[in-house]
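Visitor: Please find data_16.cif (mmCIF, C-alpha atoms) on the next line:
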data_model
#
loop_
_atom_site.label_atom_id
_atom_site.label_comp_id
_atom_site.auth_asym_id
_atom_site.auth_seq_id
_atom_site.Cartn_x
_atom_site.Cartn_y
_atom_site.Cartn_z
CA MET A 1 26.45 13.64 7.69
CA THR A 2 25.94 16.47 5.22
CA GLU A 3 23.60 19.43 5.10
CA SER A 4 21.48 21.59 2.85
CA GLU A 5 19.27 24.63 3.04
CA CYS A 6 15.53 24.52 3.72
CA VAL A 7 13.63 26.17 0.85
CA GLU A 8 10.87 27.14 3.26
CA CYS A 9 12.75 28.93 6.07
CA GLY A 10 16.37 29.03 4.93
CA GLY A 11 17.48 27.01 7.93
CA THR A 12 20.15 24.35 7.80
CA VAL A 13 18.88 20.79 7.34
CA ALA A 14 21.17 17.98 8.50
CA LEU A 15 21.11 15.03 6.09
CA HIS A 16 22.22 11.42 6.38
CA ASP A 17 24.93 10.09 4.09
CA ASP A 18 22.68 7.41 2.56
CA LEU A 19 20.40 10.07 1.08
CA GLU A 20 18.23 9.02 -1.88
CA ILE A 21 16.67 11.19 -4.56
CA GLY A 22 12.94 11.10 -3.87
CA GLU A 23 13.36 10.77 -0.13
CA ILE A 24 11.43 13.05 2.21
CA VAL A 25 13.18 14.82 5.07
CA ASP A 26 11.87 17.20 7.70
CA CYS A 27 13.28 20.63 8.42
CA GLU A 28 13.85 20.73 12.17
CA THR A 29 13.64 24.52 12.18
CA CYS A 30 10.26 25.10 10.53
CA GLY A 31 8.84 21.55 10.33
CA ALA A 32 8.42 21.64 6.54
CA GLU A 33 8.46 18.36 4.64
CA LEU A 34 11.17 18.53 2.00
CA GLU A 35 11.95 16.27 -0.93
CA VAL A 36 15.50 15.41 -1.90
CA VAL A 37 15.77 16.32 -5.60
CA ASP A 38 19.54 15.85 -5.90
CA VAL A 39 22.20 14.24 -3.76
CA SER A 40 25.53 15.59 -4.96
CA PRO A 41 25.36 18.20 -3.71
CA PRO A 42 22.08 17.74 -1.81
CA VAL A 43 19.22 19.89 -3.09
CA LEU A 44 15.88 20.11 -1.36
CA ASP A 45 12.48 21.22 -2.58
CA ARG A 46 9.05 21.40 -0.99
CA ALA A 47 7.53 17.92 -0.74
CA PRO A 48 4.24 17.30 -2.53
CA GLU A 49 1.10 17.52 -0.43
CA LEU A 50 -0.48 14.32 0.81
CA GLU A 51 -2.98 12.94 -1.68
CA GLU A 52 -6.04 10.84 -1.16
CA ASP A 53 -4.87 7.67 -2.88
CA TRP A 54 -1.45 7.53 -1.23
CA GLY A 55 -0.12 4.68 0.84
CA GLU A 56 -0.98 1.21 2.00
CA MET B 1 19.73 -8.52 -12.36
CA LYS B 2 18.78 -5.11 -13.65
CA LEU B 3 15.81 -3.95 -11.66
CA GLY B 4 13.68 -0.91 -12.36
CA LEU B 5 12.05 0.72 -9.35
CA LEU B 6 8.99 2.83 -10.07
CA TYR B 7 8.51 5.43 -7.38
CA SER B 8 7.29 8.90 -6.62
CA ARG B 9 8.57 9.02 -3.06
CA ILE B 10 11.36 7.07 -1.43
CA ARG B 11 10.05 5.86 1.90
CA LYS B 12 12.00 3.83 4.43
CA ASP B 13 10.57 0.72 2.72
CA GLU B 14 12.22 1.65 -0.58
CA LYS B 15 15.48 2.56 1.17
CA LEU B 16 15.55 -0.89 2.76
CA LEU B 17 14.95 -2.53 -0.60
CA LEU B 18 17.53 -0.38 -2.40
CA SER B 19 20.12 -1.09 0.25
CA GLU B 20 19.59 -4.85 0.00
CA LEU B 21 19.64 -4.79 -3.80
CA ARG B 22 22.85 -2.76 -3.90
CA GLU B 23 24.55 -4.99 -1.34
CA ARG B 24 23.90 -7.91 -3.66
CA GLY B 25 25.33 -6.03 -6.62
CA HIS B 26 22.15 -5.67 -8.61
CA GLU B 27 21.85 -2.82 -11.08
CA ILE B 28 19.04 -0.47 -10.18
CA VAL B 29 17.21 2.01 -12.38
CA LYS B 30 15.23 4.41 -10.21
CA ILE B 31 12.27 5.66 -12.21
CA ASP B 32 10.40 8.68 -10.85
CA VAL B 33 7.00 8.26 -12.49
CA ARG B 34 6.29 11.98 -12.13
CA LYS B 35 8.89 12.65 -14.82
CA GLN B 36 7.78 9.99 -17.28
CA ARG B 37 5.39 9.81 -20.20
CA PHE B 38 3.68 6.62 -21.27
CA GLY B 39 2.71 6.30 -24.91
CA LEU B 40 0.76 3.47 -26.47
CA ASP B 41 3.88 1.73 -27.72
CA ALA B 42 6.78 3.35 -25.87
CA THR B 43 7.72 5.27 -22.75
CA THR B 44 10.33 7.72 -21.57
CA ALA B 45 10.94 5.41 -18.59
CA GLU B 46 14.19 3.42 -18.91
CA VAL B 47 12.62 0.00 -18.64
CA ALA B 48 13.47 -1.63 -21.97
CA ASP B 49 16.36 -3.78 -20.73
CA CYS B 50 15.23 -4.29 -17.15
CA ASP B 51 14.92 -7.91 -16.08
CA LEU B 52 12.15 -6.87 -13.76
CA VAL B 53 10.43 -3.69 -12.64
CA ILE B 54 8.99 -3.32 -9.18
CA ASP B 55 6.19 -0.85 -8.69
CA ARG B 56 6.62 1.14 -5.50
CA CYS B 57 4.45 4.12 -6.47
CA LEU B 58 2.95 5.81 -3.46
CA ALA B 59 -0.16 6.83 -5.39
CA THR B 60 -2.55 4.05 -6.32
CA SER B 61 -3.66 5.83 -9.49
CA ARG B 62 -0.09 6.04 -10.79
CA SER B 63 0.55 2.46 -9.82
CA LEU B 64 -2.49 1.24 -11.73
CA TYR B 65 -1.66 2.98 -15.00
CA ALA B 66 2.13 2.73 -14.96
CA THR B 67 2.04 -1.04 -14.42
CA ARG B 68 -0.63 -1.40 -17.12
CA PHE B 69 1.62 0.38 -19.62
CA LEU B 70 4.70 -1.62 -18.66
CA ALA B 71 2.83 -4.89 -19.03
CA ALA B 72 1.62 -3.73 -22.46
CA TYR B 73 5.25 -3.12 -23.51
CA GLY B 74 6.10 -6.67 -22.39
CA VAL B 75 8.14 -5.53 -19.37
CA PRO B 76 7.87 -7.94 -16.40
CA VAL B 77 6.40 -5.93 -13.54
CA ILE B 78 5.76 -6.68 -9.88
CA ASN B 79 2.94 -6.46 -9.02
CA SER B 80 0.99 -7.11 -12.17
CA PRO B 81 -1.59 -4.54 -13.27
CA GLU B 82 -4.26 -7.19 -12.78
CA THR B 83 -3.29 -7.63 -9.13
CA ALA B 84 -3.04 -3.87 -8.67
CA ALA B 85 -6.50 -3.36 -10.13
CA VAL B 86 -8.10 -5.83 -7.75
CA CYS B 87 -6.22 -4.65 -4.67
CA ALA B 88 -6.62 -0.93 -5.33
CA ASP B 89 -10.41 -1.12 -5.21
CA LYS B 90 -12.12 -2.39 -2.08
CA VAL B 91 -15.13 -3.58 -4.06
CA LYS B 92 -13.01 -5.70 -6.41
CA ASN B 93 -10.96 -6.86 -3.43
CA SER B 94 -14.05 -8.02 -1.52
CA LEU B 95 -15.55 -9.75 -4.55
CA ALA B 96 -12.28 -11.59 -5.30
CA LEU B 97 -11.98 -12.81 -1.71
CA GLU B 98 -15.61 -13.92 -1.64
CA ALA B 99 -15.30 -15.72 -4.98
CA ALA B 100 -12.26 -17.62 -3.69
CA GLY B 101 -14.10 -18.71 -0.55
CA VAL B 102 -11.92 -16.59 1.75
CA PRO B 103 -13.89 -15.43 4.79
CA THR B 104 -14.29 -11.67 4.52
CA PRO B 105 -16.56 -9.21 6.36
CA ALA B 106 -20.12 -8.93 5.03
CA THR B 107 -20.17 -5.95 2.69
CA GLU B 108 -22.77 -4.00 0.76
CA VAL B 109 -22.34 -1.21 -1.76
CA ALA B 110 -24.96 1.44 -2.47
CA PHE B 111 -24.97 4.47 -4.73
CA THR B 112 -27.35 6.82 -2.97
CA LYS B 113 -27.64 8.04 0.60
CA GLU B 114 -31.02 6.41 0.91
CA ALA B 115 -29.85 2.99 -0.23
CA ALA B 116 -26.71 3.30 1.91
CA MET B 117 -28.87 4.11 4.92
CA GLU B 118 -30.83 0.92 4.31
CA ALA B 119 -27.58 -1.03 4.14
CA ILE B 120 -26.41 0.52 7.42
CA GLU B 121 -29.72 -0.22 9.14
CA GLY B 122 -29.47 -3.75 7.80
CA PHE B 123 -26.09 -4.28 9.45
CA GLY B 124 -27.17 -2.49 12.63
CA TYR B 125 -24.90 -0.42 14.85
CA PRO B 126 -21.98 -0.30 14.93
CA CYS B 127 -21.03 -0.86 11.33
CA VAL B 128 -18.29 0.55 9.15
CA ILE B 129 -18.15 2.75 6.06
CA LYS B 130 -15.00 2.97 3.98
CA PRO B 131 -13.89 4.75 0.82
CA VAL B 132 -13.51 2.32 -2.10
CA VAL B 133 -10.03 3.72 -2.78
CA GLY B 134 -7.77 4.83 0.04
CA SER B 135 -5.37 3.64 2.65
CA TRP B 136 -3.61 4.32 5.93
CA GLY B 137 -7.05 4.08 7.53
CA ARG B 138 -8.12 7.45 6.17
CA LEU B 139 -11.77 8.45 5.80
CA MET B 140 -13.01 5.29 7.43
CA ALA B 141 -15.85 5.60 9.89
CA LYS B 142 -17.29 3.36 12.56
CA ILE B 143 -20.95 4.28 12.67
CA ASP B 144 -22.49 3.94 16.12
CA THR B 145 -25.86 5.67 15.70
CA GLU B 146 -28.46 6.62 13.13
CA ASN B 147 -27.59 10.30 13.61
CA ALA B 148 -23.94 9.63 12.86
CA ALA B 149 -24.89 7.59 9.80
CA GLU B 150 -27.01 10.42 8.39
CA ALA B 151 -24.25 12.96 8.96
CA ILE B 152 -21.51 10.85 7.40
CA LEU B 153 -23.58 10.00 4.34
CA GLU B 154 -24.54 13.65 3.90
CA HIS B 155 -20.93 14.77 4.15
CA LYS B 156 -19.69 12.13 1.74
CA ALA B 157 -22.41 12.87 -0.79
CA THR B 158 -21.89 16.64 -0.58
CA LEU B 159 -18.17 17.03 -0.11
CA GLY B 160 -16.69 13.92 -1.59
CA HIS B 161 -15.07 13.04 -4.85
CA TYR B 162 -17.40 10.96 -7.04
CA GLU B 163 -15.82 7.80 -5.68
CA HIS B 164 -17.12 8.75 -2.24
CA LYS B 165 -20.63 8.48 -3.61
CA VAL B 166 -20.02 4.77 -3.89
CA PHE B 167 -20.95 3.85 -0.33
CA TYR B 168 -19.02 0.79 0.82
CA VAL B 169 -20.68 -0.42 4.01
CA GLN B 170 -19.33 -3.30 6.03
CA GLU B 171 -20.19 -5.24 9.14
CA TYR B 172 -18.18 -4.25 12.19
CA VAL B 173 -15.85 -7.06 13.25
CA ASP B 174 -15.42 -7.03 17.01
CA LYS B 175 -11.75 -7.99 16.88
CA PRO B 176 -9.62 -8.37 20.03
CA GLY B 177 -8.02 -4.91 19.77
CA ARG B 178 -5.68 -5.99 17.02
CA ASP B 179 -5.45 -7.11 13.44
CA ILE B 180 -2.79 -9.10 11.65
CA ARG B 181 -0.63 -7.97 8.74
CA VAL B 182 1.09 -10.67 6.73
CA LEU B 183 3.65 -9.94 4.04
CA ALA B 184 3.55 -12.69 1.47
CA CYS B 185 5.36 -13.47 -1.78
CA ASP B 186 3.02 -15.34 -4.11
CA GLY B 187 1.09 -16.57 -1.10
CA GLU B 188 4.10 -17.69 0.92
CA PRO B 189 4.26 -15.69 4.18
CA VAL B 190 7.52 -13.83 4.78
CA ALA B 191 6.60 -12.43 8.17
CA ALA B 192 3.53 -11.43 10.16
CA MET B 193 2.74 -8.98 12.92
CA THR B 194 -0.16 -7.84 14.99
CA ARG B 195 -1.16 -4.21 15.09
CA SER B 196 -2.85 -3.33 18.38
CA SER B 197 -4.65 -0.22 19.54
CA ASP B 198 -7.41 0.90 21.90
CA HIS B 199 -8.86 2.66 18.85
CA TRP B 200 -11.03 0.60 16.49
CA LEU B 201 -8.54 1.37 13.70
CA THR B 202 -5.36 -0.56 14.39
CA ASN B 203 -3.29 0.36 11.30
CA ALA B 204 0.41 0.91 11.85
CA ALA B 205 -0.07 4.22 10.01
CA LYS B 206 -2.57 5.21 12.74
CA GLY B 207 -0.03 4.44 15.45
CA GLY B 208 -1.07 0.86 16.24
CA GLU B 209 1.53 -0.98 18.32
CA THR B 210 3.20 -3.79 16.46
CA ALA B 211 4.38 -7.21 17.64
CA THR B 212 5.54 -10.29 15.80
CA PHE B 213 2.93 -12.98 15.19
CA ASP B 214 3.26 -16.69 14.44
CA LEU B 215 0.79 -17.79 11.82
CA ASP B 216 -1.05 -21.06 12.36
CA ASP B 217 -1.84 -23.40 9.49
CA GLU B 218 -5.31 -21.96 9.00
CA ALA B 219 -3.96 -18.43 8.64
CA LYS B 220 -1.24 -19.59 6.25
CA GLU B 221 -3.82 -21.28 4.07
CA LEU B 222 -5.99 -18.18 4.05
CA VAL B 223 -3.03 -16.02 3.06
CA ALA B 224 -2.22 -18.35 0.17
CA THR B 225 -5.81 -18.42 -1.03
CA ALA B 226 -6.26 -14.66 -0.65
CA SER B 227 -3.05 -14.06 -2.59
CA ASP B 228 -4.21 -16.32 -5.42
CA ALA B 229 -7.60 -14.62 -5.38
CA VAL B 230 -6.08 -11.25 -6.29
CA GLY B 231 -3.57 -12.61 -8.79
CA GLY B 232 -0.53 -13.19 -6.57
CA GLY B 233 2.58 -11.07 -6.12
CA LEU B 234 4.22 -9.18 -3.28
CA LEU B 235 1.26 -8.52 -1.05
CA GLY B 236 0.17 -7.39 2.37
CA VAL B 237 -2.72 -9.53 3.56
CA ASP B 238 -4.75 -8.10 6.45
CA LEU B 239 -6.65 -10.47 8.70
CA MET B 240 -8.81 -10.01 11.76
CA GLU B 241 -9.65 -12.53 14.45
CA THR B 242 -13.36 -12.85 15.14
CA LYS B 243 -15.09 -13.53 18.46
CA ASP B 244 -15.66 -17.11 17.23
CA GLY B 245 -11.93 -17.72 17.01
CA GLU B 246 -11.97 -17.63 13.23
CA TYR B 247 -10.10 -15.40 10.82
CA THR B 248 -11.59 -12.99 8.37
CA VAL B 249 -9.54 -11.32 5.62
CA HIS B 250 -10.59 -7.72 5.12
CA GLU B 251 -8.04 -6.56 2.59
CA VAL B 252 -5.07 -7.42 0.39
CA ASN B 253 -2.61 -4.59 -0.37
CA HIS B 254 -0.51 -4.45 -3.51
CA THR B 255 2.22 -1.85 -2.87
CA VAL B 256 2.71 -3.06 0.63
CA GLU B 257 4.72 -1.11 3.18
CA PHE B 258 6.88 -3.29 5.41
CA LYS B 259 9.14 -1.07 7.52
CA ALA B 260 7.00 -1.64 10.63
CA LEU B 261 6.95 -5.38 9.95
CA ASN B 262 10.71 -5.42 9.51
CA GLU B 263 11.11 -3.82 12.94
CA ALA B 264 8.52 -6.02 14.64
CA SER B 265 9.74 -9.30 13.18
CA GLU B 266 13.02 -11.17 13.48
CA VAL B 267 12.81 -11.90 9.77
CA ASP B 268 15.01 -9.79 7.49
CA VAL B 269 12.06 -8.69 5.37
CA PRO B 270 13.92 -6.79 2.60
CA ALA B 271 16.31 -9.73 2.21
CA ALA B 272 13.40 -12.15 1.83
CA VAL B 273 11.70 -9.84 -0.67
CA VAL B 274 14.88 -9.52 -2.73
CA ASP B 275 15.33 -13.33 -2.64
CA TRP B 276 11.90 -13.59 -4.19
CA LEU B 277 12.51 -10.78 -6.72
CA GLU B 278 15.63 -12.63 -7.89
CA LEU B 279 13.51 -15.73 -8.47
CA LYS B 280 10.91 -13.71 -10.37
CA ALA B 281 13.63 -12.14 -12.54
CA ASP B 282 14.97 -15.62 -13.37
CA VAL B 283 11.51 -16.80 -14.34
CA ALA B 284 11.00 -13.69 -16.51
CA ASP B 285 14.37 -14.30 -18.22
CA GLU B 286 13.44 -17.91 -18.95
CA ALA B 287 10.13 -16.80 -20.39
CA VAL B 288 11.93 -14.39 -22.74
CA ALA B 289 14.50 -17.06 -23.70
CA THR B 290 11.84 -19.59 -24.66
CA ALA B 291 9.55 -17.10 -26.40
#
Would you mind writing the file out in structure tokens?

Guide:
Amino acid sequence: MTESECVECGGTVALHDDLEIGEIVDCETCGAELEVVDVSPPVLDRAPELEEDWGE
Amino acid sequence: MKLGLLYSRIRKDEKLLLSELRERGHEIVKIDVRKQRFGLDATTAEVADCDLVIDRCLATSRSLYATRFLAAYGVPVINSPETAAVCADKVKNSLALEAAGVPTPATEVAFTKEAAMEAIEGFGYPCVIKPVVGSWGRLMAKIDTENAAEAILEHKATLGHYEHKVFYVQEYVDKPGRDIRVLACDGEPVAAMTRSSDHWLTNAAKGGETATFDLDDEAKELVATASDAVGGGLLGVDLMETKDGEYTVHEVNHTVEFKALNEASEVDVPAAVVDWLELKADVADEAVATA
């Protein structure tokens, strides 16, 4: 387990060890969706908004 | 093998695949399509020496164009741009299924509110209206009354993107509270599950409860035919059971999500998918060697 800082609220976000760049994690403090942009050390950014043609 | 993975978001599905690929010692090139440029004869994406590239783009639009470029460069890509093009568009999807003789819900397309209203009245109530591009059950409507039909058509025509002015109207299939999702590799089922809900939409993304499902011979044959109809590949085939005890195939998905299926089924889905990817990479290598 590792951790990083939420870019939205500054809270601490606990992260799993098998973290992947491009993965989305939730901030448990403010509920923001965050994207993992680096893993060593972990860096988080705001996740992109849901778009209309996403998913299957 | 050296496998390129096109992505813009790493979901649990991609994590499962990556984990299986790494356990087997395959080299992986993760390619975030948001950072790439695709020229007519070259790309910034590191795909040149990949044995195979798998498209796991979350956005259909990116999936369509990125795979088209890779195929143009001669890079083997799963799924093919041809398959993506058919699966991404519900109109093309329906026409392909119909042409292959796969039972699929009666469907009409109209381009104006007035013509769409005639289509709806023709089906009677309830019937269904869907966006031609979209997933996770979003923006789909079960239309129960004429008043609802008028409101939905007005909203789509006024508020929608131009694609929402293509009115895709479909008969309502009175299924037994569930539909069936089959993950198939070139038409061969890997695993299947039911998705059940009290709501008319039973998608896993809408919270439908999942349970494993044993396909009978008829369903297996339909899955194979539906897969061929859209060009084959790694696909999610969605079936419904009708009141007459028959199956109808309403959709084939081309960047299929399988985390729910992996949990519902005893099959190790990512392992089966990677088995198949290894085969596809071998075939691609042979094609290059004999070219």

Visitor: Written as a PyMOL selection string, what is the full residue list that the PyMOL selection byres ((chain B) within 9 of (chain A)) yields on the file shown?

Guide: chain B and resi 7-12+15+30+32+57-61+133-138+205+236+253-257

Visitor: Could you state the separation of atom CA of B:His164 and atom CA of B:Ala226 in Å, given to one decimal place?

Guide: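 We find that atom CA of B:His164 and atom CA of B:Ala226 lie 25.9 Å from each other.
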
Visitor: Could you check how far atom CA of B:Pro81 sits from atom CA of B:Ala284, in Å to one decimal?

Guide: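 For atom CA of B:Pro81 relative to atom CA of B:Ala284, the distance reads 15.9 Å.
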
Visitor: Excluding A:Cys30 and its own-chain neighbours fewer than 5 positions away, which residues fall within 9 Å of it when counting all atoms listed in the file? Please give them as an NGL selection string.

Guide: :A and (6 or 8-9 or 11)

Visitor: Running the PyMOL selection byres ((chain B and resi 232) around 7) on this model by hand, what would come out? Give it as a CSV table (one decimal) with C-alpha atoms, keeping the file's coordinate frame.

Guide:
chain,number,residue,atom,x,y,z
B,83,THR,CA,-3.3,-7.6,-9.1
B,186,ASP,CA,3.0,-15.3,-4.1
B,187,GLY,CA,1.1,-16.6,-1.1
B,227,SER,CA,-3.0,-14.1,-2.6
B,228,ASP,CA,-4.2,-16.3,-5.4
B,230,VAL,CA,-6.1,-11.2,-6.3
B,231,GLY,CA,-3.6,-12.6,-8.8
B,233,GLY,CA,2.6,-11.1,-6.1

Visitor: Which of these residues is nearest to B:Ser196, using only C-alpha atoms: B:Asp55, B:Glu27, B:Glu154, B:Asp179?

Guide: B:Asp179

Visitor: Between atom CA of B:Leu201 and atom CA of B:Arg178, measure the distance and give it in Å to one decimal.

Guide: 8.6 Å

Visitor: Skipping near chain neighbours, those fewer than 4 positions away, what residues fall within 7 Å of B:Ile54 using only C-alpha atoms, listed as a PyMOL selection string?

Guide: chain B and resi 4-6+77-79

Visitor: Limited to C-alpha atoms, could you put the picked residues into a file as a PDB file, in the frame of the given file?

Guide:
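Here's the written file result-v7.pdb:
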ATOM      1  CA  GLY B   4      13.680  -0.910 -12.360  1.00  0.00           C
ATOM      2  CA  LEU B   5      12.050   0.720  -9.350  1.00  0.00           C
ATOM      3  CA  LEU B   6       8.990   2.830 -10.070  1.00  0.00           C
ATOM      4  CA  VAL B  77       6.400  -5.930 -13.540  1.00  0.00           C
ATOM      5  CA  ILE B  78       5.760  -6.680  -9.880  1.00  0.00           C
ATOM      6  CA  ASN B  79       2.940  -6.460  -9.020  1.00  0.00           C
TER       7      ASN B  79
END

Visitor: Apply the PyMOL selection byres ((chain B and resi 214) around 9) to the file shown and report the selected residues as a ChimeraX atom specification.

Guide: /B:191-193,212-213,215-216

Visitor: Measuring atom to atom with only C-alpha atoms, identify which of B:Ala110, B:Val252, B:Val274, B:Ala281 is nearest to B:Ala84.

Guide: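 The answer is B:Val252, which sits nearest to B:Ala84.
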
Visitor: Around (1.4, -4.0, 19.6) in the file's own coordinates, what residues are found within 7 Å if you use all atoms listed in the file, given back as a list in words?

Guide: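 Selection result: Thr194, Arg195, Ser196, Gly208, Glu209, Thr210 and Ala211 of chain B.
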
Visitor: Once you count all atoms listed in the file, which residues end up no further than 9 Å from (-14.9, -13.4, 17.9) in the file's frame, shown as a PyMOL selection string?

Guide: chain B and resi 173-176+241-247

Visitor: Can you pull out every residue within 7 Å of B:Lys142, counting only C-alpha atoms, but drop anything in the same chain fewer than 5 positions away, and send it as a list of chain:residue names?

Guide: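 After dropping sequence-adjacent residues, the list is B:Pro126, B:Cys127, B:Val128, B:Ile129.
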
Visitor: Include C-alpha atoms and write out the residues we just selected as a PDB file, in the frame of the given file.

Guide:
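Generated output (again19.pdb):
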ATOM      1  CA  PRO B 126     -21.980  -0.300  14.930  1.00  0.00           C
ATOM      2  CA  CYS B 127     -21.030  -0.860  11.330  1.00  0.00           C
ATOM      3  CA  VAL B 128     -18.290   0.550   9.150  1.00  0.00           C
ATOM      4  CA  ILE B 129     -18.150   2.750   6.060  1.00  0.00           C
TER       5      ILE B 129
END

Visitor: From the list B:Val102, B:Leu235, B:Ala115, B:Val269, which residue is nearest B:Ala219 when using only C-alpha atoms?

Guide: B:Val102

Visitor: Which residues come within 9 Å of A:Val7, counting all atoms listed in the file, excluding same-chain residues fewer than 6 positions away, as JSON, numbers by chain?

Guide: {"A": [32, 34, 44, 45, 46]}

Visitor: Padding 4 Å on each side, edges along x, y and z: where is the centre of the box around the listed atoms of stretch 259-275 of chain B, and how long are its edges in Å to one decimal? Output it as AutoDock Vina command-line options.

Guide:
--center_x 11.6 --center_y -7.2 --center_z 6.0 --size_x 17.4 --size_y 20.3 --size_z 25.4

Visitor: Please provide as a ChimeraX atom specification all residues within 6 Å of A:Val13, with the sequence filter that same-chain residues fewer than 5 positions apart are discarded (counting only C-alpha atoms).

Guide: /A:3-5,27

Visitor: Write the residues of the selection above to a file with C-alpha atoms, as a PDB file, keeping the file's coordinate frame.

Guide:
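File written: result-v2.pdb
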ATOM      1  CA  GLU A   3      23.600  19.430   5.100  1.00  0.00           C
ATOM      2  CA  SER A   4      21.480  21.590   2.850  1.00  0.00           C
ATOM      3  CA  GLU A   5      19.270  24.630   3.040  1.00  0.00           C
ATOM      4  CA  CYS A  27      13.280  20.630   8.420  1.00  0.00           C
TER       5      CYS A  27
END
